[in-house]
Amino acid sequence: MEILKQRILKDGVVKEGNVLKVDRFLNHQMDVKLFNDIGEEFAKRFAGTGVNKILTIESSGIGIACIAAQHFNNCPVIFAKKTLSKNLDGEMFVTQVKSYTKGVTYDVMVSEKYLGKGDKVLIIDDFLANGCALMGLIDIVKQSGAELAGAGIVIEKGFQEGGK
Ligand code: 5GP
């Protein structure tokens, strides 16, 4: 997606540890028009797959997932939570994810109420680095019995292992 490549070249800043900082348009300030163009692109790439739910992980995936959902018949967006709160009730699908940027491993969870057999799930996230976040989300889809339609990631760091 040329428009995204150009934006990364213009506004991206490479930090220590192979971290690309894109706070100007993706991870802090959000460019909604660009999100909408990316959502449209995801819809083209996953046309005909019957996606009826989008799954992401808090927090940076949420904005892009919500805008993308508008291109998938306004399907519901579920975000995997990183912290247990009093608002979470009932049974949960739980998996472990190692954070690329923070280096710690933590549980992420999705309520069993919102994902299950009959769902066709598109996973959306901001970055693909070593693939831990994506593998965790795939594990949650598997636990739920839903079908995985695919994964749409805004920026893949192709020099890391996640794509494999
Ligand atoms: P992975 O689990 O694939 O190793 O890393 C993906 C997650 O780590 C993404 O959800 C993203 O939040 C974060 N991440 C990985 N690499 C980068 C990076 O270069 N820049 C930013 N901003 N986040 C990253």
# chains A, B, ... in the order shown; residues from 1 in each chain; ligands from 1
call {"tool": "residues_near_ligand", "arguments": {"ligand": "ligand 1", "cutoff": "6 Å", "atoms": "only C-alpha atoms and all ligand atoms", "output": "PyMOL selection string"}}
result
chain A and resi 18-21+99-101+125-133+162
call {"tool": "residues_around", "arguments": {"residues": "A:Gly39", "least_positions_apart": "5", "cutoff": "9 Å", "atoms": "only C-alpha atoms", "output": "ChimeraX atom specification"}}
result
/A:34,44,64-72
call {"tool": "write_last_selection", "arguments": {"atoms": "C-alpha atoms", "output": "PDB file, in the first residue's frame"}}
result
ATOM      1  CA  LEU A  34      -5.355   6.849   6.620  1.00  0.00           C
ATOM      2  CA  LYS A  44     -10.416  -5.753  -0.640  1.00  0.00           C
ATOM      3  CA  ILE A  64      -7.656   0.592  13.320  1.00  0.00           C
ATOM      4  CA  ALA A  65      -9.943  -2.397  13.977  1.00  0.00           C
ATOM      5  CA  CYS A  66     -12.978  -0.161  14.576  1.00  0.00           C
ATOM      6  CA  ILE A  67     -12.437   1.831  11.396  1.00  0.00           C
ATOM      7  CA  ALA A  68     -11.784  -1.362   9.417  1.00  0.00           C
ATOM      8  CA  ALA A  69     -15.014  -2.914  10.741  1.00  0.00           C
ATOM      9  CA  GLN A  70     -16.965  -0.274   8.861  1.00  0.00           C
ATOM     10  CA  HIS A  71     -15.731  -1.954   5.677  1.00  0.00           C
ATOM     11  CA  PHE A  72     -16.891  -5.382   6.920  1.00  0.00           C
TER      12      PHE A  72
END
call {"tool": "residues_around", "arguments": {"residues": "stretch 45-52 of chain A", "least_positions_apart": "5", "cutoff": "12 Å", "atoms": "only C-alpha atoms", "output": "ChimeraX atom specification"}}
result
/A:1,38-40,68-78,114-124,146-153
call {"tool": "residues_around", "arguments": {"residues": "stretch 23-26 of chain A", "least_positions_apart": "6", "cutoff": "8 Å", "atoms": "only C-alpha atoms", "output": "list in words"}}
result
Asp11, Gly12, Ser60 and Asp126 of chain A
call {"tool": "residues_around", "arguments": {"residues": "A:Leu84", "least_positions_apart": "6", "cutoff": "10 Å", "atoms": "only C-alpha atoms", "output": "list in words"}}
result
Asp107, Val108 and Met109 of chain A
call {"tool": "write_last_selection", "arguments": {"atoms": "all heavy atoms", "output": "compact mmCIF listing (two decimals), in the first residue's frame"}}
result
# COMPACT_ATOMS: atom_id res chain seq x y z
N ASP A 107 -0.92 -12.35 30.50
CA ASP A 107 -2.13 -13.03 30.02
C ASP A 107 -2.98 -12.05 29.22
O ASP A 107 -3.08 -10.88 29.60
CB ASP A 107 -2.98 -13.51 31.21
CG ASP A 107 -2.37 -14.74 31.87
OD1 ASP A 107 -1.50 -15.39 31.26
OD2 ASP A 107 -2.80 -15.05 33.00
N VAL A 108 -3.58 -12.51 28.14
CA VAL A 108 -4.61 -11.70 27.48
C VAL A 108 -5.88 -12.54 27.42
O VAL A 108 -5.81 -13.76 27.36
CB VAL A 108 -4.20 -11.21 26.07
CG1 VAL A 108 -2.96 -10.36 26.11
CG2 VAL A 108 -4.05 -12.34 25.10
N MET A 109 -7.00 -11.88 27.51
CA MET A 109 -8.25 -12.63 27.63
C MET A 109 -9.41 -12.04 26.85
O MET A 109 -9.49 -10.83 26.64
CB MET A 109 -8.62 -12.82 29.10
CG MET A 109 -8.70 -11.55 29.91
SD MET A 109 -8.01 -11.81 31.55
CE MET A 109 -6.54 -10.84 31.50
call {"tool": "residues_around", "arguments": {"residues": "stretch 135-140 of chain A", "least_positions_apart": "3", "cutoff": "7 Å", "atoms": "only C-alpha atoms", "output": "compact mmCIF listing (two decimals) with N, CA, C and O atoms, in the first residue's frame"}}
result
# COMPACT_ATOMS: atom_id res chain seq x y z
N PHE A 93 -11.53 -16.96 27.51
CA PHE A 93 -10.42 -17.62 26.81
C PHE A 93 -9.16 -16.84 27.19
O PHE A 93 -9.15 -15.61 27.08
N VAL A 94 -8.14 -17.56 27.62
CA VAL A 94 -6.92 -16.89 28.08
C VAL A 94 -5.71 -17.46 27.36
O VAL A 94 -5.62 -18.67 27.12
N THR A 95 -4.80 -16.59 26.98
CA THR A 95 -3.54 -17.05 26.39
C THR A 95 -2.43 -16.11 26.85
O THR A 95 -2.69 -15.07 27.43
N GLN A 96 -1.18 -16.53 26.60
CA GLN A 96 -0.06 -15.69 27.03
C GLN A 96 0.63 -15.04 25.84
O GLN A 96 0.78 -15.67 24.79
N VAL A 97 1.00 -13.79 26.03
CA VAL A 97 1.67 -13.04 24.96
C VAL A 97 2.89 -12.35 25.54
O VAL A 97 2.82 -11.75 26.61
N GLY A 131 5.70 -11.99 16.08
CA GLY A 131 4.47 -12.76 15.91
C GLY A 131 3.82 -13.24 17.19
O GLY A 131 2.85 -13.99 17.13
N CYS A 132 4.33 -12.81 18.36
CA CYS A 132 3.75 -13.31 19.62
C CYS A 132 2.30 -12.86 19.81
O CYS A 132 1.44 -13.66 20.20
N GLN A 143 -9.25 -21.72 20.56
CA GLN A 143 -9.95 -22.14 21.79
C GLN A 143 -11.45 -21.97 21.66
O GLN A 143 -12.23 -22.76 22.19
N SER A 144 -11.86 -20.91 20.95
CA SER A 144 -13.29 -20.57 20.88
C SER A 144 -14.06 -21.46 19.91
O SER A 144 -15.28 -21.49 19.94
call {"tool": "select_by_dssp", "arguments": {"residues": "chain A", "states": "helix (DSSP H, G or I)", "output": "MDAnalysis selection string"}}
result
chainID A and resid 2:11 23:27 32:45 60:69 132:144
call {"tool": "select_by_dssp", "arguments": {"residues": "chain A", "states": "strand (DSSP E)", "output": "number ranges by chain"}}
result
A: 13-15, 19-21, 53-57, 77-80, 92-98, 105-111, 120-128, 147-156
call {"tool": "closest_residue", "arguments": {"among": "A:Ala80, A:Val13, A:Ala43, A:Val110", "to": "A:Gly61", "atoms": "only C-alpha atoms"}}
result
A:Ala80
call {"tool": "closest_residue", "arguments": {"among": "A:Val141, A:Val104, A:Ile155, A:Val32", "to": "A:Met92", "atoms": "only C-alpha atoms"}}
result
A:Val141
call {"tool": "closest_residue", "arguments": {"among": "A:Glu16, A:His28, A:Glu41, A:Leu134", "to": "A:Leu4", "atoms": "only C-alpha atoms"}}
result
A:Glu41
call {"tool": "decode", "arguments": {"residues": "stretch 23-92 of chain A", "atoms": "C-alpha atoms", "output": "mmCIF file, in the first residue's frame"}}
result
data_model
loop_
_atom_site.group_PDB
_atom_site.id
_atom_site.type_symbol
_atom_site.label_atom_id
_atom_site.label_comp_id
_atom_site.auth_asym_id
_atom_site.auth_seq_id
_atom_site.Cartn_x
_atom_site.Cartn_y
_atom_site.Cartn_z
ATOM 1 C CA ASP A 23 3.163 7.960 17.019
ATOM 2 C CA ARG A 24 2.398 10.728 14.559
ATOM 3 C CA PHE A 25 -0.250 8.707 12.700
ATOM 4 C CA LEU A 26 -0.819 5.265 14.259
ATOM 5 C CA ASN A 27 0.141 4.724 17.894
ATOM 6 C CA HIS A 28 -0.641 7.985 19.624
ATOM 7 C CA GLN A 29 -2.057 10.608 17.286
ATOM 8 C CA MET A 30 -4.262 8.714 14.827
ATOM 9 C CA ASP A 31 -4.823 9.639 11.187
ATOM 10 C CA VAL A 32 -8.427 8.577 10.694
ATOM 11 C CA LYS A 33 -8.385 9.129 6.927
ATOM 12 C CA LEU A 34 -5.355 6.849 6.620
ATOM 13 C CA PHE A 35 -7.045 4.287 8.918
ATOM 14 C CA ASN A 36 -10.052 4.389 6.618
ATOM 15 C CA ASP A 37 -7.886 3.797 3.529
ATOM 16 C CA ILE A 38 -6.212 0.857 5.305
ATOM 17 C CA GLY A 39 -9.613 -0.531 6.322
ATOM 18 C CA GLU A 40 -10.732 -0.345 2.697
ATOM 19 C CA GLU A 41 -7.574 -2.196 1.640
ATOM 20 C CA PHE A 42 -8.201 -4.942 4.220
ATOM 21 C CA ALA A 43 -11.759 -5.282 2.903
ATOM 22 C CA LYS A 44 -10.416 -5.753 -0.640
ATOM 23 C CA ARG A 45 -7.875 -8.331 0.470
ATOM 24 C CA PHE A 46 -10.372 -10.314 2.531
ATOM 25 C CA ALA A 47 -13.349 -9.943 0.194
ATOM 26 C CA GLY A 48 -15.501 -13.042 0.040
ATOM 27 C CA THR A 49 -14.102 -14.616 3.213
ATOM 28 C CA GLY A 50 -17.336 -14.074 5.164
ATOM 29 C CA VAL A 51 -15.737 -12.198 8.067
ATOM 30 C CA ASN A 52 -18.346 -11.493 10.733
ATOM 31 C CA LYS A 53 -16.066 -10.492 13.642
ATOM 32 C CA ILE A 54 -12.805 -8.638 14.043
ATOM 33 C CA LEU A 55 -10.434 -9.503 16.874
ATOM 34 C CA THR A 56 -7.620 -7.247 18.040
ATOM 35 C CA ILE A 57 -5.574 -6.610 21.169
ATOM 36 C CA GLU A 58 -5.515 -3.513 23.332
ATOM 37 C CA SER A 59 -4.554 -0.873 22.941
ATOM 38 C CA SER A 60 -3.086 0.168 19.605
ATOM 39 C CA GLY A 61 -5.107 -2.293 17.517
ATOM 40 C CA ILE A 62 -8.461 -0.921 18.659
ATOM 41 C CA GLY A 63 -8.633 2.250 16.556
ATOM 42 C CA ILE A 64 -7.656 0.592 13.320
ATOM 43 C CA ALA A 65 -9.943 -2.397 13.977
ATOM 44 C CA CYS A 66 -12.978 -0.161 14.576
ATOM 45 C CA ILE A 67 -12.437 1.831 11.396
ATOM 46 C CA ALA A 68 -11.784 -1.362 9.417
ATOM 47 C CA ALA A 69 -15.014 -2.914 10.741
ATOM 48 C CA GLN A 70 -16.965 -0.274 8.861
ATOM 49 C CA HIS A 71 -15.731 -1.954 5.677
ATOM 50 C CA PHE A 72 -16.891 -5.382 6.920
ATOM 51 C CA ASN A 73 -20.617 -4.609 7.257
ATOM 52 C CA ASN A 74 -20.014 -2.873 10.597
ATOM 53 C CA CYS A 75 -19.228 -6.212 12.203
ATOM 54 C CA PRO A 76 -18.461 -6.278 15.941
ATOM 55 C CA VAL A 77 -14.884 -5.667 17.108
ATOM 56 C CA ILE A 78 -13.561 -7.579 20.101
ATOM 57 C CA PHE A 79 -10.319 -6.570 21.765
ATOM 58 C CA ALA A 80 -8.328 -8.955 23.905
ATOM 59 C CA LYS A 81 -7.822 -7.415 27.351
ATOM 60 C CA LYS A 82 -4.511 -7.354 29.133
ATOM 61 C CA THR A 83 -5.817 -6.789 32.624
ATOM 62 C CA LEU A 84 -8.520 -8.500 34.606
ATOM 63 C CA SER A 85 -11.064 -6.001 35.870
ATOM 64 C CA LYS A 86 -14.237 -6.219 37.925
ATOM 65 C CA ASN A 87 -16.184 -5.559 34.726
ATOM 66 C CA LEU A 88 -15.118 -8.890 33.268
ATOM 67 C CA ASP A 89 -17.476 -11.654 34.250
ATOM 68 C CA GLY A 90 -18.005 -15.251 33.182
ATOM 69 C CA GLU A 91 -15.650 -17.652 31.496
ATOM 70 C CA MET A 92 -12.702 -16.338 29.524
#
